[in-house]
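Please read the structure below before turning to the comments.
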Amino acid sequence: MPTDQPTGGERHLSIDAVRGFAVLGILLMNIVGMGLPAFAYINPVYAGGHQGADLWTWAINNVLTDGKMRGLFTMLFGASTILIAQRAEGGVPGPWRTHYSRMFWLLVIGMLHAYLFWFGDILVCYALAGLVIFPFRKLDVRVQFAIGGAILAALFGFHLFETSQILAIHDAAMAPGAPESALQAWREIAQLIDPPAAQAAEQIAGFRGGFMEALQARSTVAMILQTTLLPTDEIPEAIGQMFIGMALFRTGFFTLGW
């Protein structure tokens, strides 16, 4: 008996199940950002609690869920782009208007979400990446896989290069007799890699304050994420994963028809 019969032609149970699994995995990581200063997400030492079970919980979370569950969720977004476009074919307003109306409202909701509720919002990223992928939804499946893989490989290469540059600046600053310019360059990077404890205390005070104090603290982090990570990291990664998600859906992978 088929295990993925859409009820009334509306739902794919396998997609719902995978989406739920991904969301719960994402929650395991977001709990850290919701309960601790933002930088504690990647550095357990930053907000204390970095020994014993606390450290193991952080480490297991980062190895098993960080990036993996978000990647799975993003691929499902690519799959849903194909699914919704297929259901809008031949109707009014049609696939194009349906998709771009959806992206517009997703962007609006995402901005409200980021600044009023949760600075780690992903909807803005999805809305902007969704603007790019839609015209390519009917490409050959192998081409979609190739484009998605190429984007992710390029992003990986960029991060390797970025890391090598940071290590070079560190080595130059640590060398005997290093000039002041080298020391200053490393200080600026070190402040980004390991923000001062006063910054954590300031965030905690903001989120424990009134509505306006919390809004200011949240807006500061949201703006930093949207102006730094979003254009250089999150959007390219999302586009690559959405391409792969579109291809997987068209092969029947997410609907148990592969």
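Ligands are numbered from 1 in the order shown, chains are lettered A, B, ... in the order of the structure tokens, and residues start at 1 in each chain.
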
Can you tell me, as a PyMOL selection string, what residues are no more than 10 Å from Asn62 (chain A) when counting only C-alpha atoms, ignoring any on the same chain fewer than 3 positions away? chain A and resi 28-29+41-42+56-59+65-68

Test item: residues at most 12 Å from region 140-157 of chain A, only C-alpha atoms, excluding those fewer than 2 positions along its chain, as a PDB file with N, CA and C atoms, in the first residue's frame:
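Listed below is the output, around_13.pdb:
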ATOM      1  N   GLY A  71      19.908  22.924   6.290  1.00  0.00           N
ATOM      2  CA  GLY A  71      20.102  22.529   4.895  1.00  0.00           C
ATOM      3  C   GLY A  71      18.949  21.675   4.391  1.00  0.00           C
ATOM      4  N   MET A  75      16.352  22.688   1.396  1.00  0.00           N
ATOM      5  CA  MET A  75      16.067  21.852   0.229  1.00  0.00           C
ATOM      6  C   MET A  75      14.565  21.630   0.080  1.00  0.00           C
ATOM      7  N   GLY A  78      13.040  24.477  -1.720  1.00  0.00           N
ATOM      8  CA  GLY A  78      13.170  24.321  -3.165  1.00  0.00           C
ATOM      9  C   GLY A  78      12.143  23.354  -3.717  1.00  0.00           C
ATOM     10  N   ILE A 133      15.776  31.526  -7.751  1.00  0.00           N
ATOM     11  CA  ILE A 133      15.700  30.145  -8.238  1.00  0.00           C
ATOM     12  C   ILE A 133      14.517  29.873  -9.162  1.00  0.00           C
ATOM     13  N   PHE A 134      13.434  30.651  -9.040  1.00  0.00           N
ATOM     14  CA  PHE A 134      12.194  30.280  -9.719  1.00  0.00           C
ATOM     15  C   PHE A 134      12.324  30.156 -11.244  1.00  0.00           C
ATOM     16  N   PRO A 135      13.007  31.070 -11.913  1.00  0.00           N
ATOM     17  CA  PRO A 135      13.093  30.948 -13.381  1.00  0.00           C
ATOM     18  C   PRO A 135      13.803  29.674 -13.839  1.00  0.00           C
ATOM     19  N   PHE A 136      14.520  29.002 -12.937  1.00  0.00           N
ATOM     20  CA  PHE A 136      15.298  27.824 -13.310  1.00  0.00           C
ATOM     21  C   PHE A 136      14.629  26.516 -12.889  1.00  0.00           C
ATOM     22  N   ARG A 137      13.368  26.579 -12.518  1.00  0.00           N
ATOM     23  CA  ARG A 137      12.699  25.405 -11.959  1.00  0.00           C
ATOM     24  C   ARG A 137      12.497  24.283 -12.971  1.00  0.00           C
ATOM     25  N   LYS A 138      12.518  24.619 -14.282  1.00  0.00           N
ATOM     26  CA  LYS A 138      12.262  23.609 -15.313  1.00  0.00           C
ATOM     27  C   LYS A 138      13.538  23.150 -16.021  1.00  0.00           C
ATOM     28  N   HIS A 159      35.226  29.992   1.805  1.00  0.00           N
ATOM     29  CA  HIS A 159      35.472  29.952   3.254  1.00  0.00           C
ATOM     30  C   HIS A 159      36.866  29.410   3.580  1.00  0.00           C
ATOM     31  N   LEU A 160      37.338  28.460   2.779  1.00  0.00           N
ATOM     32  CA  LEU A 160      38.712  27.990   2.976  1.00  0.00           C
ATOM     33  C   LEU A 160      39.710  29.117   2.742  1.00  0.00           C
ATOM     34  N   PHE A 161      39.485  29.890   1.682  1.00  0.00           N
ATOM     35  CA  PHE A 161      40.365  31.023   1.395  1.00  0.00           C
ATOM     36  C   PHE A 161      40.300  32.055   2.520  1.00  0.00           C
ATOM     37  N   GLU A 162      39.076  32.342   2.978  1.00  0.00           N
ATOM     38  CA  GLU A 162      38.893  33.307   4.060  1.00  0.00           C
ATOM     39  C   GLU A 162      39.626  32.865   5.324  1.00  0.00           C
ATOM     40  N   THR A 163      39.537  31.571   5.628  1.00  0.00           N
ATOM     41  CA  THR A 163      40.220  31.030   6.806  1.00  0.00           C
ATOM     42  C   THR A 163      41.729  31.152   6.666  1.00  0.00           C
ATOM     43  N   SER A 164      42.251  30.868   5.475  1.00  0.00           N
ATOM     44  CA  SER A 164      43.696  30.974   5.260  1.00  0.00           C
ATOM     45  C   SER A 164      44.169  32.418   5.430  1.00  0.00           C
ATOM     46  N   PRO A 231      24.237  38.329   2.828  1.00  0.00           N
ATOM     47  CA  PRO A 231      24.624  38.410   1.408  1.00  0.00           C
ATOM     48  C   PRO A 231      25.809  37.533   1.025  1.00  0.00           C
ATOM     49  N   THR A 232      26.744  37.292   1.942  1.00  0.00           N
ATOM     50  CA  THR A 232      27.967  36.574   1.579  1.00  0.00           C
ATOM     51  C   THR A 232      27.913  35.090   1.875  1.00  0.00           C
ATOM     52  N   ASP A 233      26.989  34.670   2.739  1.00  0.00           N
ATOM     53  CA  ASP A 233      26.990  33.283   3.186  1.00  0.00           C
ATOM     54  C   ASP A 233      25.619  32.627   3.058  1.00  0.00           C
ATOM     55  N   GLU A 234      24.620  33.200   3.718  1.00  0.00           N
ATOM     56  CA  GLU A 234      23.330  32.532   3.832  1.00  0.00           C
ATOM     57  C   GLU A 234      22.576  32.467   2.505  1.00  0.00           C
ATOM     58  N   ILE A 235      22.534  33.549   1.757  1.00  0.00           N
ATOM     59  CA  ILE A 235      21.784  33.538   0.492  1.00  0.00           C
ATOM     60  C   ILE A 235      22.435  32.621  -0.541  1.00  0.00           C
ATOM     61  N   PRO A 236      23.766  32.700  -0.777  1.00  0.00           N
ATOM     62  CA  PRO A 236      24.362  31.746  -1.721  1.00  0.00           C
ATOM     63  C   PRO A 236      24.149  30.295  -1.296  1.00  0.00           C
ATOM     64  N   GLU A 237      24.320  30.012  -0.008  1.00  0.00           N
ATOM     65  CA  GLU A 237      24.109  28.648   0.480  1.00  0.00           C
ATOM     66  C   GLU A 237      22.672  28.204   0.233  1.00  0.00           C
ATOM     67  N   ALA A 238      21.704  29.085   0.534  1.00  0.00           N
ATOM     68  CA  ALA A 238      20.295  28.746   0.335  1.00  0.00           C
ATOM     69  C   ALA A 238      19.984  28.492  -1.134  1.00  0.00           C
ATOM     70  N   ILE A 239      20.539  29.311  -2.027  1.00  0.00           N
ATOM     71  CA  ILE A 239      20.292  29.122  -3.459  1.00  0.00           C
ATOM     72  C   ILE A 239      20.806  27.752  -3.912  1.00  0.00           C
ATOM     73  N   GLY A 240      22.022  27.398  -3.492  1.00  0.00           N
ATOM     74  CA  GLY A 240      22.582  26.103  -3.852  1.00  0.00           C
ATOM     75  C   GLY A 240      21.741  24.947  -3.337  1.00  0.00           C
ATOM     76  N   GLN A 241      21.325  25.037  -2.081  1.00  0.00           N
ATOM     77  CA  GLN A 241      20.525  23.963  -1.493  1.00  0.00           C
ATOM     78  C   GLN A 241      19.124  23.899  -2.105  1.00  0.00           C
ATOM     79  N   MET A 242      18.554  25.048  -2.469  1.00  0.00           N
ATOM     80  CA  MET A 242      17.241  25.053  -3.110  1.00  0.00           C
ATOM     81  C   MET A 242      17.292  24.403  -4.489  1.00  0.00           C
ATOM     82  N   PHE A 243      18.370  24.649  -5.235  1.00  0.00           N
ATOM     83  CA  PHE A 243      18.530  23.986  -6.533  1.00  0.00           C
ATOM     84  C   PHE A 243      18.531  22.463  -6.355  1.00  0.00           C
ATOM     85  N   ILE A 244      19.281  22.001  -5.358  1.00  0.00           N
ATOM     86  CA  ILE A 244      19.332  20.563  -5.105  1.00  0.00           C
ATOM     87  C   ILE A 244      17.968  20.051  -4.651  1.00  0.00           C
ATOM     88  N   GLY A 245      17.260  20.840  -3.831  1.00  0.00           N
ATOM     89  CA  GLY A 245      15.926  20.458  -3.391  1.00  0.00           C
ATOM     90  C   GLY A 245      14.941  20.346  -4.538  1.00  0.00           C
ATOM     91  N   MET A 246      15.025  21.291  -5.484  1.00  0.00           N
ATOM     92  CA  MET A 246      14.151  21.217  -6.656  1.00  0.00           C
ATOM     93  C   MET A 246      14.424  19.939  -7.449  1.00  0.00           C
ATOM     94  N   ALA A 247      15.712  19.636  -7.636  1.00  0.00           N
ATOM     95  CA  ALA A 247      16.074  18.444  -8.402  1.00  0.00           C
ATOM     96  C   ALA A 247      15.627  17.173  -7.686  1.00  0.00           C
ATOM     97  N   LEU A 248      15.819  17.115  -6.375  1.00  0.00           N
ATOM     98  CA  LEU A 248      15.408  15.934  -5.616  1.00  0.00           C
ATOM     99  C   LEU A 248      13.898  15.728  -5.691  1.00  0.00           C
ATOM    100  N   PHE A 249      13.138  16.818  -5.610  1.00  0.00           N
ATOM    101  CA  PHE A 249      11.682  16.684  -5.694  1.00  0.00           C
ATOM    102  C   PHE A 249      11.267  16.138  -7.052  1.00  0.00           C
ATOM    103  N   ARG A 250      11.893  16.626  -8.090  1.00  0.00           N
ATOM    104  CA  ARG A 250      11.510  16.196  -9.444  1.00  0.00           C
ATOM    105  C   ARG A 250      11.903  14.748  -9.719  1.00  0.00           C
ATOM    106  N   THR A 251      12.886  14.213  -8.979  1.00  0.00           N
ATOM    107  CA  THR A 251      13.226  12.794  -9.125  1.00  0.00           C
ATOM    108  C   THR A 251      12.297  11.906  -8.309  1.00  0.00           C
ATOM    109  N   GLY A 252      11.463  12.515  -7.455  1.00  0.00           N
ATOM    110  CA  GLY A 252      10.563  11.752  -6.598  1.00  0.00           C
ATOM    111  C   GLY A 252      11.168  11.407  -5.254  1.00  0.00           C
TER     112      GLY A 252
END

So which residues touch region 111-123 of chain A within 12 Å, counting only C-alpha atoms, skipping near sequence neighbours fewer than 5 positions away, as a ChimeraX atom specification? /A:23,26-27,29-35,37-39,41,70-71,73-74,77,102-106,128-130,207,211-226,229-230,234-235,238

Residue with smallest distance to His12 (chain A) - pool A:Ala197, A:Leu55, A:Ala175, A:Ala79, counting only C-alpha atoms: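 Of all the options, A:Ala79 lies closest to His12 (chain A).
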
Here is a test: counting only C-alpha atoms, which residue of A:Phe253, A:Ala200, A:His170, A:Ala47 is nearest to Arg187 (chain A)?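 Closest candidate: A:His170.
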
Alpha helix (DSSP H) call set, DSSP backbone run, region 43-217 of chain A, as a ChimeraX atom specification: /A:52-64,68-88,95-116,123-133,141-174,180-193,197-207,211-217

Expected file contents, prior selection, C-alpha atoms, as a compact mmCIF listing (two decimals), in the first residue's frame:
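Writing done, so here's result-v9.txt:
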# COMPACT_ATOMS: atom_id res chain seq x y z
CA GLY A 52 30.72 18.50 31.44
CA ALA A 53 27.22 17.88 30.10
CA ASP A 54 26.88 21.51 28.94
CA LEU A 55 29.91 21.21 26.68
CA TRP A 56 28.88 17.81 25.33
CA THR A 57 25.38 19.09 24.59
CA TRP A 58 26.81 22.03 22.66
CA ALA A 59 29.29 19.82 20.78
CA ILE A 60 26.76 17.14 19.81
CA ASN A 61 24.29 19.81 18.71
CA ASN A 62 26.87 21.47 16.49
CA VAL A 63 28.07 18.22 14.94
CA LEU A 64 24.69 16.57 14.34
CA LYS A 68 22.36 19.92 8.57
CA MET A 69 18.76 20.51 9.65
CA ARG A 70 18.72 24.00 8.12
CA GLY A 71 20.10 22.53 4.89
CA LEU A 72 17.37 19.89 4.85
CA PHE A 73 14.71 22.54 5.50
CA THR A 74 16.13 24.72 2.72
CA MET A 75 16.07 21.85 0.23
CA LEU A 76 12.41 21.34 1.13
CA PHE A 77 11.81 25.00 0.31
CA GLY A 78 13.17 24.32 -3.17
CA ALA A 79 10.90 21.29 -3.39
CA SER A 80 7.85 23.31 -2.33
CA THR A 81 8.67 25.91 -5.00
CA ILE A 82 8.21 23.23 -7.65
CA LEU A 83 5.13 21.78 -5.95
CA ILE A 84 3.30 25.11 -5.63
CA ALA A 85 4.21 26.13 -9.20
CA GLN A 86 2.85 22.83 -10.53
CA ARG A 87 -0.44 23.33 -8.72
CA ALA A 88 -0.73 26.89 -10.02
CA PRO A 95 2.82 30.13 -11.24
CA TRP A 96 4.87 33.32 -11.63
CA ARG A 97 2.52 35.65 -9.81
CA THR A 98 1.79 33.03 -7.16
CA HIS A 99 5.48 32.51 -6.47
CA TYR A 100 6.56 36.14 -6.39
CA SER A 101 3.55 37.19 -4.29
CA ARG A 102 4.55 34.46 -1.89
CA MET A 103 8.16 35.75 -1.79
CA PHE A 104 6.99 39.33 -1.20
CA TRP A 105 4.89 38.41 1.81
CA LEU A 106 7.57 36.05 3.07
CA LEU A 107 10.01 38.97 3.03
CA VAL A 108 7.57 41.23 4.91
CA ILE A 109 6.83 38.58 7.53
CA GLY A 110 10.53 37.75 7.82
CA MET A 111 11.54 41.36 8.50
CA LEU A 112 8.84 41.70 11.16
CA HIS A 113 9.92 38.38 12.65
CA ALA A 114 13.62 39.33 12.71
CA TYR A 115 13.17 42.68 14.44
CA LEU A 116 10.16 42.03 16.67
CA LEU A 123 12.48 33.82 6.11
CA VAL A 124 14.22 36.92 4.73
CA CYS A 125 16.97 34.71 3.35
CA TYR A 126 14.44 32.34 1.78
CA ALA A 127 12.46 35.18 0.24
CA LEU A 128 15.54 36.67 -1.42
CA ALA A 129 16.93 33.31 -2.55
CA GLY A 130 13.48 32.38 -3.81
CA LEU A 131 13.56 35.37 -6.17
CA VAL A 132 16.57 33.82 -7.91
CA ILE A 133 15.70 30.14 -8.24
CA VAL A 141 17.39 17.76 -13.25
CA ARG A 142 21.08 17.01 -13.81
CA VAL A 143 21.72 20.69 -14.54
CA GLN A 144 19.93 21.69 -11.33
CA PHE A 145 22.07 19.25 -9.34
CA ALA A 146 25.19 20.59 -11.04
CA ILE A 147 24.33 24.25 -10.38
CA GLY A 148 23.47 23.58 -6.74
CA GLY A 149 26.64 21.56 -6.19
CA ALA A 150 28.81 24.16 -7.93
CA ILE A 151 27.44 26.99 -5.79
CA LEU A 152 28.02 25.05 -2.57
CA ALA A 153 31.51 24.01 -3.67
CA ALA A 154 32.37 27.62 -4.52
CA LEU A 155 31.09 28.78 -1.14
CA PHE A 156 33.18 26.10 0.57
CA GLY A 157 36.24 27.24 -1.37
CA PHE A 158 35.58 30.86 -0.44
CA HIS A 159 35.47 29.95 3.25
CA LEU A 160 38.71 27.99 2.98
CA PHE A 161 40.37 31.02 1.39
CA GLU A 162 38.89 33.31 4.06
CA THR A 163 40.22 31.03 6.81
CA SER A 164 43.70 30.97 5.26
CA GLN A 165 43.69 34.78 5.18
CA ILE A 166 42.74 34.97 8.85
CA LEU A 167 45.50 32.49 9.77
CA ALA A 168 48.02 34.52 7.75
CA ILE A 169 47.08 37.72 9.60
CA HIS A 170 47.36 35.86 12.92
CA ASP A 171 50.81 34.51 12.06
CA ALA A 172 51.98 37.95 10.94
CA ALA A 173 50.83 39.50 14.21
CA MET A 174 52.44 36.77 16.34
CA GLU A 180 51.83 47.87 14.59
CA SER A 181 49.78 47.56 11.41
CA ALA A 182 49.90 43.74 11.66
CA LEU A 183 48.97 43.84 15.34
CA GLN A 184 46.07 46.20 14.68
CA ALA A 185 44.78 44.01 11.83
CA TRP A 186 44.72 41.00 14.15
CA ARG A 187 43.05 42.97 16.97
CA GLU A 188 40.20 43.90 14.64
CA ILE A 189 39.68 40.29 13.57
CA ALA A 190 40.08 38.95 17.11
CA GLN A 191 37.31 41.25 18.29
CA LEU A 192 34.98 39.69 15.71
CA ILE A 193 36.04 36.13 16.52
CA ALA A 197 32.45 40.01 27.62
CA ALA A 198 30.94 43.48 27.98
CA GLN A 199 29.07 42.90 24.73
CA ALA A 200 27.42 39.78 26.17
CA ALA A 201 26.44 41.65 29.32
CA GLU A 202 24.97 44.46 27.21
CA GLN A 203 22.87 41.98 25.21
CA ILE A 204 21.60 40.26 28.35
CA ALA A 205 20.66 43.60 29.91
CA GLY A 206 18.82 44.60 26.74
CA PHE A 207 16.75 41.43 26.51
CA PHE A 211 10.08 46.35 25.15
CA MET A 212 12.20 49.16 23.66
CA GLU A 213 15.42 47.85 25.23
CA ALA A 214 14.75 44.35 23.90
CA LEU A 215 13.83 45.77 20.50
CA GLN A 216 17.12 47.67 20.33
CA ALA A 217 19.16 44.63 21.38
